[in-house]
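Source file: upload32.pdb (PDB, N, CA and C atoms, pLDDT in the B column)
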```
ATOM      1  N   MET A   1     -26.103 -12.716 -24.595  1.00 88.00           N
ATOM      2  CA  MET A   1     -25.479 -12.950 -25.878  1.00 88.00           C
ATOM      3  C   MET A   1     -24.327 -11.984 -26.104  1.00 88.00           C
ATOM      4  N   TRP A   2     -24.560 -10.687 -25.823  1.00 89.00           N
ATOM      5  CA  TRP A   2     -23.501  -9.697 -26.024  1.00 89.00           C
ATOM      6  C   TRP A   2     -22.337  -9.922 -25.076  1.00 89.00           C
ATOM      7  N   SER A   3     -22.638 -10.398 -23.879  1.00 93.00           N
ATOM      8  CA  SER A   3     -21.551 -10.618 -22.925  1.00 93.00           C
ATOM      9  C   SER A   3     -20.611 -11.720 -23.415  1.00 93.00           C
ATOM     10  N   VAL A   4     -21.153 -12.747 -24.049  1.00 94.00           N
ATOM     11  CA  VAL A   4     -20.316 -13.823 -24.581  1.00 94.00           C
ATOM     12  C   VAL A   4     -19.428 -13.296 -25.707  1.00 94.00           C
ATOM     13  N   LEU A   5     -19.987 -12.466 -26.573  1.00 95.00           N
ATOM     14  CA  LEU A   5     -19.193 -11.896 -27.659  1.00 95.00           C
ATOM     15  C   LEU A   5     -18.103 -10.967 -27.125  1.00 95.00           C
ATOM     16  N   LEU A   6     -18.428 -10.183 -26.114  1.00 95.00           N
ATOM     17  CA  LEU A   6     -17.430  -9.285 -25.542  1.00 95.00           C
ATOM     18  C   LEU A   6     -16.329 -10.055 -24.818  1.00 95.00           C
ATOM     19  N   MET A   7     -16.677 -11.175 -24.184  1.00 96.00           N
ATOM     20  CA  MET A   7     -15.642 -11.997 -23.546  1.00 96.00           C
ATOM     21  C   MET A   7     -14.712 -12.607 -24.585  1.00 96.00           C
ATOM     22  N   GLY A   8     -15.285 -13.054 -25.695  1.00 95.00           N
ATOM     23  CA  GLY A   8     -14.457 -13.589 -26.774  1.00 95.00           C
ATOM     24  C   GLY A   8     -13.541 -12.525 -27.353  1.00 95.00           C
ATOM     25  N   LEU A   9     -14.072 -11.326 -27.533  1.00 95.00           N
ATOM     26  CA  LEU A   9     -13.259 -10.225 -28.043  1.00 95.00           C
ATOM     27  C   LEU A   9     -12.154  -9.876 -27.059  1.00 95.00           C
ATOM     28  N   GLY A  10     -12.453  -9.899 -25.779  1.00 96.00           N
ATOM     29  CA  GLY A  10     -11.434  -9.635 -24.763  1.00 96.00           C
ATOM     30  C   GLY A  10     -10.326 -10.666 -24.801  1.00 96.00           C
ATOM     31  N   GLY A  11     -10.684 -11.920 -24.994  1.00 96.00           N
ATOM     32  CA  GLY A  11      -9.673 -12.971 -25.103  1.00 96.00           C
ATOM     33  C   GLY A  11      -8.787 -12.792 -26.319  1.00 96.00           C
ATOM     34  N   LEU A  12      -9.390 -12.407 -27.429  1.00 96.00           N
ATOM     35  CA  LEU A  12      -8.589 -12.161 -28.630  1.00 96.00           C
ATOM     36  C   LEU A  12      -7.652 -10.974 -28.444  1.00 96.00           C
ATOM     37  N   MET A  13      -8.126  -9.954 -27.753  1.00 96.00           N
ATOM     38  CA  MET A  13      -7.286  -8.792 -27.522  1.00 96.00           C
ATOM     39  C   MET A  13      -6.119  -9.116 -26.589  1.00 96.00           C
ATOM     40  N   VAL A  14      -6.344  -9.948 -25.576  1.00 96.00           N
ATOM     41  CA  VAL A  14      -5.245 -10.363 -24.704  1.00 96.00           C
ATOM     42  C   VAL A  14      -4.229 -11.160 -25.510  1.00 96.00           C
ATOM     43  N   GLY A  15      -4.712 -12.055 -26.368  1.00 96.00           N
ATOM     44  CA  GLY A  15      -3.805 -12.814 -27.226  1.00 96.00           C
ATOM     45  C   GLY A  15      -3.012 -11.915 -28.154  1.00 96.00           C
ATOM     46  N   GLY A  16      -3.653 -10.880 -28.671  1.00 95.00           N
ATOM     47  CA  GLY A  16      -2.950  -9.925 -29.523  1.00 95.00           C
ATOM     48  C   GLY A  16      -1.889  -9.165 -28.758  1.00 95.00           C
ATOM     49  N   GLY A  17      -2.197  -8.786 -27.531  1.00 95.00           N
ATOM     50  CA  GLY A  17      -1.213  -8.086 -26.700  1.00 95.00           C
ATOM     51  C   GLY A  17      -0.005  -8.954 -26.402  1.00 95.00           C
ATOM     52  N   ILE A  18      -0.250 -10.221 -26.106  1.00 96.00           N
ATOM     53  CA  ILE A  18       0.861 -11.149 -25.859  1.00 96.00           C
ATOM     54  C   ILE A  18       1.680 -11.348 -27.122  1.00 96.00           C
ATOM     55  N   SER A  19       1.002 -11.489 -28.237  1.00 96.00           N
ATOM     56  CA  SER A  19       1.692 -11.694 -29.508  1.00 96.00           C
ATOM     57  C   SER A  19       2.566 -10.500 -29.876  1.00 96.00           C
ATOM     58  N   PHE A  20       2.024  -9.298 -29.740  1.00 95.00           N
ATOM     59  CA  PHE A  20       2.808  -8.110 -30.058  1.00 95.00           C
ATOM     60  C   PHE A  20       3.979  -7.944 -29.100  1.00 95.00           C
ATOM     61  N   HIS A  21       3.795  -8.354 -27.838  1.00 94.00           N
ATOM     62  CA  HIS A  21       4.894  -8.277 -26.878  1.00 94.00           C
ATOM     63  C   HIS A  21       6.024  -9.226 -27.285  1.00 94.00           C
ATOM     64  N   GLN A  22       5.678 -10.435 -27.721  1.00 96.00           N
ATOM     65  CA  GLN A  22       6.690 -11.408 -28.132  1.00 96.00           C
ATOM     66  C   GLN A  22       7.388 -10.998 -29.421  1.00 96.00           C
ATOM     67  N   GLN A  23       6.743 -10.206 -30.250  1.00 96.00           N
ATOM     68  CA  GLN A  23       7.342  -9.755 -31.508  1.00 96.00           C
ATOM     69  C   GLN A  23       8.180  -8.493 -31.320  1.00 96.00           C
ATOM     70  N   ASN A  24       8.337  -8.060 -30.074  1.00 94.00           N
ATOM     71  CA  ASN A  24       9.125  -6.868 -29.744  1.00 94.00           C
ATOM     72  C   ASN A  24       8.623  -5.622 -30.459  1.00 94.00           C
ATOM     73  N   LYS A  25       7.313  -5.494 -30.550  1.00 94.00           N
ATOM     74  CA  LYS A  25       6.705  -4.277 -31.094  1.00 94.00           C
ATOM     75  C   LYS A  25       6.766  -3.190 -30.024  1.00 94.00           C
ATOM     76  N   PRO A  26       6.454  -1.954 -30.370  1.00 95.00           N
ATOM     77  CA  PRO A  26       6.476  -0.895 -29.347  1.00 95.00           C
ATOM     78  C   PRO A  26       5.565  -1.234 -28.162  1.00 95.00           C
ATOM     79  N   ARG A  27       6.009  -0.808 -26.998  1.00 96.00           N
ATOM     80  CA  ARG A  27       5.288  -1.149 -25.764  1.00 96.00           C
ATOM     81  C   ARG A  27       3.862  -0.609 -25.766  1.00 96.00           C
ATOM     82  N   TRP A  28       3.639   0.558 -26.391  1.00 96.00           N
ATOM     83  CA  TRP A  28       2.304   1.158 -26.351  1.00 96.00           C
ATOM     84  C   TRP A  28       1.284   0.315 -27.110  1.00 96.00           C
ATOM     85  N   VAL A  29       1.733  -0.477 -28.087  1.00 96.00           N
ATOM     86  CA  VAL A  29       0.805  -1.328 -28.830  1.00 96.00           C
ATOM     87  C   VAL A  29       0.263  -2.430 -27.917  1.00 96.00           C
ATOM     88  N   SER A  30       1.170  -3.072 -27.182  1.00 95.00           N
ATOM     89  CA  SER A  30       0.735  -4.130 -26.265  1.00 95.00           C
ATOM     90  C   SER A  30      -0.153  -3.568 -25.167  1.00 95.00           C
ATOM     91  N   ILE A  31       0.231  -2.427 -24.621  1.00 96.00           N
ATOM     92  CA  ILE A  31      -0.548  -1.832 -23.534  1.00 96.00           C
ATOM     93  C   ILE A  31      -1.940  -1.442 -24.021  1.00 96.00           C
ATOM     94  N   SER A  32      -2.032  -0.933 -25.248  1.00 96.00           N
ATOM     95  CA  SER A  32      -3.346  -0.560 -25.761  1.00 96.00           C
ATOM     96  C   SER A  32      -4.231  -1.788 -25.968  1.00 96.00           C
ATOM     97  N   PHE A  33      -3.642  -2.895 -26.418  1.00 96.00           N
ATOM     98  CA  PHE A  33      -4.424  -4.120 -26.567  1.00 96.00           C
ATOM     99  C   PHE A  33      -4.911  -4.623 -25.211  1.00 96.00           C
ATOM    100  N   TYR A  34      -4.044  -4.572 -24.191  1.00 97.00           N
ATOM    101  CA  TYR A  34      -4.458  -5.000 -22.857  1.00 97.00           C
ATOM    102  C   TYR A  34      -5.558  -4.093 -22.300  1.00 97.00           C
ATOM    103  N   ALA A  35      -5.453  -2.799 -22.550  1.00 97.00           N
ATOM    104  CA  ALA A  35      -6.474  -1.862 -22.061  1.00 97.00           C
ATOM    105  C   ALA A  35      -7.813  -2.119 -22.746  1.00 97.00           C
ATOM    106  N   LEU A  36      -7.788  -2.347 -24.059  1.00 96.00           N
ATOM    107  CA  LEU A  36      -9.034  -2.642 -24.766  1.00 96.00           C
ATOM    108  C   LEU A  36      -9.633  -3.965 -24.291  1.00 96.00           C
ATOM    109  N   ALA A  37      -8.779  -4.946 -24.010  1.00 97.00           N
ATOM    110  CA  ALA A  37      -9.272  -6.225 -23.495  1.00 97.00           C
ATOM    111  C   ALA A  37      -9.927  -6.033 -22.133  1.00 97.00           C
ATOM    112  N   ALA A  38      -9.309  -5.222 -21.276  1.00 97.00           N
ATOM    113  CA  ALA A  38      -9.887  -4.973 -19.950  1.00 97.00           C
ATOM    114  C   ALA A  38     -11.235  -4.279 -20.064  1.00 97.00           C
ATOM    115  N   MET A  39     -11.341  -3.311 -20.964  1.00 97.00           N
ATOM    116  CA  MET A  39     -12.621  -2.619 -21.142  1.00 97.00           C
ATOM    117  C   MET A  39     -13.682  -3.566 -21.688  1.00 97.00           C
ATOM    118  N   SER A  40     -13.297  -4.454 -22.582  1.00 96.00           N
ATOM    119  CA  SER A  40     -14.246  -5.412 -23.135  1.00 96.00           C
ATOM    120  C   SER A  40     -14.746  -6.379 -22.059  1.00 96.00           C
ATOM    121  N   LEU A  41     -13.829  -6.866 -21.227  1.00 95.00           N
ATOM    122  CA  LEU A  41     -14.229  -7.784 -20.161  1.00 95.00           C
ATOM    123  C   LEU A  41     -15.067  -7.072 -19.106  1.00 95.00           C
ATOM    124  N   LEU A  42     -14.759  -5.824 -18.831  1.00 96.00           N
ATOM    125  CA  LEU A  42     -15.574  -5.060 -17.887  1.00 96.00           C
ATOM    126  C   LEU A  42     -16.979  -4.840 -18.431  1.00 96.00           C
ATOM    127  N   ALA A  43     -17.085  -4.529 -19.719  1.00 95.00           N
ATOM    128  CA  ALA A  43     -18.403  -4.346 -20.335  1.00 95.00           C
ATOM    129  C   ALA A  43     -19.192  -5.653 -20.305  1.00 95.00           C
ATOM    130  N   ALA A  44     -18.511  -6.767 -20.550  1.00 94.00           N
ATOM    131  CA  ALA A  44     -19.196  -8.068 -20.494  1.00 94.00           C
ATOM    132  C   ALA A  44     -19.718  -8.348 -19.103  1.00 94.00           C
ATOM    133  N   TYR A  45     -18.921  -8.005 -18.091  1.00 95.00           N
ATOM    134  CA  TYR A  45     -19.369  -8.201 -16.715  1.00 95.00           C
ATOM    135  C   TYR A  45     -20.566  -7.310 -16.387  1.00 95.00           C
ATOM    136  N   LEU A  46     -20.479  -6.058 -16.798  1.00 94.00           N
ATOM    137  CA  LEU A  46     -21.574  -5.130 -16.489  1.00 94.00           C
ATOM    138  C   LEU A  46     -22.874  -5.534 -17.175  1.00 94.00           C
ATOM    139  N   LEU A  47     -22.781  -6.175 -18.325  1.00 92.00           N
ATOM    140  CA  LEU A  47     -24.000  -6.632 -19.006  1.00 92.00           C
ATOM    141  C   LEU A  47     -24.659  -7.817 -18.297  1.00 92.00           C
ATOM    142  N   THR A  48     -23.881  -8.521 -17.461  1.00 92.00           N
ATOM    143  CA  THR A  48     -24.459  -9.673 -16.767  1.00 92.00           C
ATOM    144  C   THR A  48     -25.154  -9.269 -15.466  1.00 92.00           C
ATOM    145  N   LEU A  49     -24.957  -8.034 -15.003  1.00 91.00           N
ATOM    146  CA  LEU A  49     -25.594  -7.604 -13.772  1.00 91.00           C
ATOM    147  C   LEU A  49     -27.094  -7.424 -14.007  1.00 91.00           C
ATOM    148  N   PRO A  50     -27.886  -7.791 -13.011  1.00 88.00           N
ATOM    149  CA  PRO A  50     -29.338  -7.642 -13.190  1.00 88.00           C
ATOM    150  C   PRO A  50     -29.744  -6.175 -13.198  1.00 88.00           C
ATOM    151  N   GLY A  51     -30.684  -5.850 -14.058  1.00 81.00           N
ATOM    152  CA  GLY A  51     -31.191  -4.487 -14.146  1.00 81.00           C
ATOM    153  C   GLY A  51     -32.316  -4.251 -13.156  1.00 81.00           C
ATOM    154  N   LYS A  52     -32.733  -3.024 -13.050  1.00 64.00           N
ATOM    155  CA  LYS A  52     -33.842  -2.711 -12.129  1.00 64.00           C
ATOM    156  C   LYS A  52     -35.172  -2.975 -12.765  1.00 64.00           C
TER     157      LYS A  52
END
```

Go ahead and express the file in the form of structure tokens.
Amino acid sequence: MWSVLLMGLGGLMVGGGISFHQQNKPRWVSISFYALAAMSLLAAYLLTLPGK
């Protein structure tokens, strides 16, 4: 369940990064959105791995 929510959040963050890039906002804003999206997608992946 959490992995699905984190994947959705990652998708929204990628969309936000693209949107801010198209609006010619400062580069660090887009990069921070992409970094947060990557961390969210990584967390979603790690939650799907089987535990011991």

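As for atom C of Gly8 (chain A) and atom C of Val29 (chain A), they are spaced 17.1 Å apart.
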
Nearest residue to Ser30 (chain A) from the set A:Val4, A:Leu47, A:Ile18, A:Leu12 (distances using only C-alpha atoms) = A:Ile18

Mind checking DSSP for chain A and telling me the helix (DSSP H, G or I) residues as a count of residues only?
-> 43

For Leu42 (chain A), please output as a PDB file with N, CA and C atoms, in the coordinates of the input all residues within 8 Å (counting only N, CA and C atoms; exclusion window: fewer than 4 positions along the same chain).
```pdb
ATOM      1  N   LEU A   6     -18.428 -10.183 -26.114  1.00 95.00           N
ATOM      2  CA  LEU A   6     -17.430  -9.285 -25.542  1.00 95.00           C
ATOM      3  C   LEU A   6     -16.329 -10.055 -24.818  1.00 95.00           C
ATOM      4  N   MET A   7     -16.677 -11.175 -24.184  1.00 96.00           N
ATOM      5  CA  MET A   7     -15.642 -11.997 -23.546  1.00 96.00           C
ATOM      6  C   MET A   7     -14.712 -12.607 -24.585  1.00 96.00           C
ATOM      7  N   GLY A  10     -12.453  -9.899 -25.779  1.00 96.00           N
ATOM      8  CA  GLY A  10     -11.434  -9.635 -24.763  1.00 96.00           C
ATOM      9  C   GLY A  10     -10.326 -10.666 -24.801  1.00 96.00           C
ATOM     10  N   LEU A  36      -7.788  -2.347 -24.059  1.00 96.00           N
ATOM     11  CA  LEU A  36      -9.034  -2.642 -24.766  1.00 96.00           C
ATOM     12  C   LEU A  36      -9.633  -3.965 -24.291  1.00 96.00           C
ATOM     13  N   ALA A  37      -8.779  -4.946 -24.010  1.00 97.00           N
ATOM     14  CA  ALA A  37      -9.272  -6.225 -23.495  1.00 97.00           C
ATOM     15  C   ALA A  37      -9.927  -6.033 -22.133  1.00 97.00           C
ATOM     16  N   ALA A  38      -9.309  -5.222 -21.276  1.00 97.00           N
ATOM     17  CA  ALA A  38      -9.887  -4.973 -19.950  1.00 97.00           C
ATOM     18  C   ALA A  38     -11.235  -4.279 -20.064  1.00 97.00           C
ATOM     19  N   LEU A  46     -20.479  -6.058 -16.798  1.00 94.00           N
ATOM     20  CA  LEU A  46     -21.574  -5.130 -16.489  1.00 94.00           C
ATOM     21  C   LEU A  46     -22.874  -5.534 -17.175  1.00 94.00           C
ATOM     22  N   LEU A  47     -22.781  -6.175 -18.325  1.00 92.00           N
ATOM     23  CA  LEU A  47     -24.000  -6.632 -19.006  1.00 92.00           C
ATOM     24  C   LEU A  47     -24.659  -7.817 -18.297  1.00 92.00           C
ATOM     25  N   THR A  48     -23.881  -8.521 -17.461  1.00 92.00           N
ATOM     26  CA  THR A  48     -24.459  -9.673 -16.767  1.00 92.00           C
ATOM     27  C   THR A  48     -25.154  -9.269 -15.466  1.00 92.00           C
TER      28      THR A  48
END
```

Pick from A:His21, A:Trp28, A:Leu5, A:Gly15 nearest to Ser40 (chain A), counting all atoms listed in the file |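 Under the stated criterion, the closest residue is A:Leu5.
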
Please report, as AutoDock Vina command-line options, the centre and edge lengths in Å to one decimal of an axis-aligned box covering all listed atoms of region 18-36 of chain A with 5 Å per side.
```
--center_x -0.3 --center_y -5.3 --center_z -26.8 --size_x 28.8 --size_y 22.9 --size_z 19.4
```

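Rounded to one decimal, CA of Met1 (chain A) and CA of Phe20 (chain A) lie 29.0 Å from each other.
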
Between CA of Gly11 (chain A) and CA of Gly51 (chain A), what is the distance, to one decimal in Å?
->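 Interatomic distance here is 25.6 Å.
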
Save region 5-43 of chain A of the structure in the block above to a file, with N, CA and C atoms included, as a PDB file, in the first residue's frame.
```
ATOM      1  N   LEU A   5       1.467   4.542  -2.845  1.00  0.00           N
ATOM      2  CA  LEU A   5       1.388   5.964  -2.512  1.00  0.00           C
ATOM      3  C   LEU A   5       2.702   6.683  -2.819  1.00  0.00           C
ATOM      4  N   LEU A   6       3.817   6.037  -2.533  1.00  0.00           N
ATOM      5  CA  LEU A   6       5.107   6.656  -2.818  1.00  0.00           C
ATOM      6  C   LEU A   6       5.355   6.774  -4.319  1.00  0.00           C
ATOM      7  N   MET A   7       4.882   5.802  -5.099  1.00  0.00           N
ATOM      8  CA  MET A   7       5.018   5.912  -6.556  1.00  0.00           C
ATOM      9  C   MET A   7       4.180   7.062  -7.098  1.00  0.00           C
ATOM     10  N   GLY A   8       2.978   7.217  -6.558  1.00  0.00           N
ATOM     11  CA  GLY A   8       2.138   8.341  -6.969  1.00  0.00           C
ATOM     12  C   GLY A   8       2.772   9.672  -6.606  1.00  0.00           C
ATOM     13  N   LEU A   9       3.343   9.747  -5.415  1.00  0.00           N
ATOM     14  CA  LEU A   9       4.018  10.971  -4.993  1.00  0.00           C
ATOM     15  C   LEU A   9       5.222  11.251  -5.878  1.00  0.00           C
ATOM     16  N   GLY A  10       5.953  10.223  -6.249  1.00  0.00           N
ATOM     17  CA  GLY A  10       7.093  10.397  -7.148  1.00  0.00           C
ATOM     18  C   GLY A  10       6.664  10.924  -8.501  1.00  0.00           C
ATOM     19  N   GLY A  11       5.554  10.427  -9.010  1.00  0.00           N
ATOM     20  CA  GLY A  11       5.036  10.923 -10.284  1.00  0.00           C
ATOM     21  C   GLY A  11       4.625  12.378 -10.209  1.00  0.00           C
ATOM     22  N   LEU A  12       3.999  12.752  -9.108  1.00  0.00           N
ATOM     23  CA  LEU A  12       3.619  14.157  -8.942  1.00  0.00           C
ATOM     24  C   LEU A  12       4.843  15.058  -8.837  1.00  0.00           C
ATOM     25  N   MET A  13       5.873  14.575  -8.168  1.00  0.00           N
ATOM     26  CA  MET A  13       7.081  15.370  -8.037  1.00  0.00           C
ATOM     27  C   MET A  13       7.797  15.533  -9.378  1.00  0.00           C
ATOM     28  N   VAL A  14       7.808  14.494 -10.208  1.00  0.00           N
ATOM     29  CA  VAL A  14       8.401  14.620 -11.540  1.00  0.00           C
ATOM     30  C   VAL A  14       7.609  15.632 -12.356  1.00  0.00           C
ATOM     31  N   GLY A  15       6.282  15.565 -12.271  1.00  0.00           N
ATOM     32  CA  GLY A  15       5.451  16.541 -12.972  1.00  0.00           C
ATOM     33  C   GLY A  15       5.706  17.957 -12.492  1.00  0.00           C
ATOM     34  N   GLY A  16       5.911  18.116 -11.195  1.00  0.00           N
ATOM     35  CA  GLY A  16       6.230  19.434 -10.653  1.00  0.00           C
ATOM     36  C   GLY A  16       7.566  19.938 -11.150  1.00  0.00           C
ATOM     37  N   GLY A  17       8.544  19.053 -11.230  1.00  0.00           N
ATOM     38  CA  GLY A  17       9.860  19.443 -11.746  1.00  0.00           C
ATOM     39  C   GLY A  17       9.791  19.878 -13.197  1.00  0.00           C
ATOM     40  N   ILE A  18       9.024  19.150 -13.994  1.00  0.00           N
ATOM     41  CA  ILE A  18       8.853  19.530 -15.403  1.00  0.00           C
ATOM     42  C   ILE A  18       8.126  20.859 -15.512  1.00  0.00           C
ATOM     43  N   SER A  19       7.105  21.030 -14.704  1.00  0.00           N
ATOM     44  CA  SER A  19       6.332  22.269 -14.731  1.00  0.00           C
ATOM     45  C   SER A  19       7.183  23.475 -14.347  1.00  0.00           C
ATOM     46  N   PHE A  20       7.959  23.343 -13.282  1.00  0.00           N
ATOM     47  CA  PHE A  20       8.811  24.452 -12.866  1.00  0.00           C
ATOM     48  C   PHE A  20       9.889  24.743 -13.901  1.00  0.00           C
ATOM     49  N   HIS A  21      10.370  23.699 -14.588  1.00  0.00           N
ATOM     50  CA  HIS A  21      11.365  23.910 -15.636  1.00  0.00           C
ATOM     51  C   HIS A  21      10.759  24.710 -16.792  1.00  0.00           C
ATOM     52  N   GLN A  22       9.526  24.386 -17.177  1.00  0.00           N
ATOM     53  CA  GLN A  22       8.866  25.096 -18.273  1.00  0.00           C
ATOM     54  C   GLN A  22       8.516  26.529 -17.898  1.00  0.00           C
ATOM     55  N   GLN A  23       8.346  26.812 -16.625  1.00  0.00           N
ATOM     56  CA  GLN A  23       8.016  28.165 -16.173  1.00  0.00           C
ATOM     57  C   GLN A  23       9.265  29.016 -15.959  1.00  0.00           C
ATOM     58  N   ASN A  24      10.426  28.470 -16.305  1.00  0.00           N
ATOM     59  CA  ASN A  24      11.705  29.175 -16.163  1.00  0.00           C
ATOM     60  C   ASN A  24      11.969  29.620 -14.732  1.00  0.00           C
ATOM     61  N   LYS A  25      11.623  28.768 -13.787  1.00  0.00           N
ATOM     62  CA  LYS A  25      11.948  29.021 -12.380  1.00  0.00           C
ATOM     63  C   LYS A  25      13.426  28.704 -12.165  1.00  0.00           C
ATOM     64  N   PRO A  26      13.979  29.053 -11.016  1.00  0.00           N
ATOM     65  CA  PRO A  26      15.395  28.730 -10.775  1.00  0.00           C
ATOM     66  C   PRO A  26      15.666  27.229 -10.925  1.00  0.00           C
ATOM     67  N   ARG A  27      16.852  26.940 -11.421  1.00  0.00           N
ATOM     68  CA  ARG A  27      17.209  25.545 -11.714  1.00  0.00           C
ATOM     69  C   ARG A  27      17.177  24.671 -10.464  1.00  0.00           C
ATOM     70  N   TRP A  28      17.525  25.239  -9.298  1.00  0.00           N
ATOM     71  CA  TRP A  28      17.588  24.423  -8.085  1.00  0.00           C
ATOM     72  C   TRP A  28      16.208  23.921  -7.670  1.00  0.00           C
ATOM     73  N   VAL A  29      15.145  24.632  -8.054  1.00  0.00           N
ATOM     74  CA  VAL A  29      13.796  24.183  -7.709  1.00  0.00           C
ATOM     75  C   VAL A  29      13.462  22.901  -8.473  1.00  0.00           C
ATOM     76  N   SER A  30      13.751  22.909  -9.775  1.00  0.00           N
ATOM     77  CA  SER A  30      13.480  21.714 -10.579  1.00  0.00           C
ATOM     78  C   SER A  30      14.335  20.544 -10.120  1.00  0.00           C
ATOM     79  N   ILE A  31      15.602  20.806  -9.850  1.00  0.00           N
ATOM     80  CA  ILE A  31      16.503  19.730  -9.434  1.00  0.00           C
ATOM     81  C   ILE A  31      16.060  19.144  -8.097  1.00  0.00           C
ATOM     82  N   SER A  32      15.592  19.996  -7.188  1.00  0.00           N
ATOM     83  CA  SER A  32      15.141  19.476  -5.900  1.00  0.00           C
ATOM     84  C   SER A  32      13.889  18.614  -6.056  1.00  0.00           C
ATOM     85  N   PHE A  33      12.988  19.004  -6.957  1.00  0.00           N
ATOM     86  CA  PHE A  33      11.807  18.181  -7.199  1.00  0.00           C
ATOM     87  C   PHE A  33      12.197  16.831  -7.796  1.00  0.00           C
ATOM     88  N   TYR A  34      13.147  16.830  -8.741  1.00  0.00           N
ATOM     89  CA  TYR A  34      13.596  15.569  -9.325  1.00  0.00           C
ATOM     90  C   TYR A  34      14.279  14.686  -8.279  1.00  0.00           C
ATOM     91  N   ALA A  35      15.054  15.291  -7.396  1.00  0.00           N
ATOM     92  CA  ALA A  35      15.738  14.515  -6.352  1.00  0.00           C
ATOM     93  C   ALA A  35      14.726  13.905  -5.386  1.00  0.00           C
ATOM     94  N   LEU A  36      13.718  14.684  -4.993  1.00  0.00           N
ATOM     95  CA  LEU A  36      12.692  14.144  -4.101  1.00  0.00           C
ATOM     96  C   LEU A  36      11.900  13.031  -4.787  1.00  0.00           C
ATOM     97  N   ALA A  37      11.639  13.189  -6.083  1.00  0.00           N
ATOM     98  CA  ALA A  37      10.936  12.142  -6.825  1.00  0.00           C
ATOM     99  C   ALA A  37      11.769  10.867  -6.865  1.00  0.00           C
ATOM    100  N   ALA A  38      13.075  11.008  -7.090  1.00  0.00           N
ATOM    101  CA  ALA A  38      13.947   9.827  -7.127  1.00  0.00           C
ATOM    102  C   ALA A  38      13.972   9.126  -5.778  1.00  0.00           C
ATOM    103  N   MET A  39      14.035   9.893  -4.699  1.00  0.00           N
ATOM    104  CA  MET A  39      14.036   9.280  -3.368  1.00  0.00           C
ATOM    105  C   MET A  39      12.711   8.585  -3.086  1.00  0.00           C
ATOM    106  N   SER A  40      11.616   9.170  -3.527  1.00  0.00           N
ATOM    107  CA  SER A  40      10.310   8.556  -3.320  1.00  0.00           C
ATOM    108  C   SER A  40      10.188   7.240  -4.092  1.00  0.00           C
ATOM    109  N   LEU A  41      10.652   7.239  -5.338  1.00  0.00           N
ATOM    110  CA  LEU A  41      10.587   6.016  -6.138  1.00  0.00           C
ATOM    111  C   LEU A  41      11.533   4.951  -5.594  1.00  0.00           C
ATOM    112  N   LEU A  42      12.677   5.361  -5.092  1.00  0.00           N
ATOM    113  CA  LEU A  42      13.594   4.398  -4.481  1.00  0.00           C
ATOM    114  C   LEU A  42      12.990   3.788  -3.224  1.00  0.00           C
ATOM    115  N   ALA A  43      12.338   4.611  -2.408  1.00  0.00           N
ATOM    116  CA  ALA A  43      11.687   4.100  -1.198  1.00  0.00           C
ATOM    117  C   ALA A  43      10.562   3.135  -1.567  1.00  0.00           C
TER     118      ALA A  43
END
```
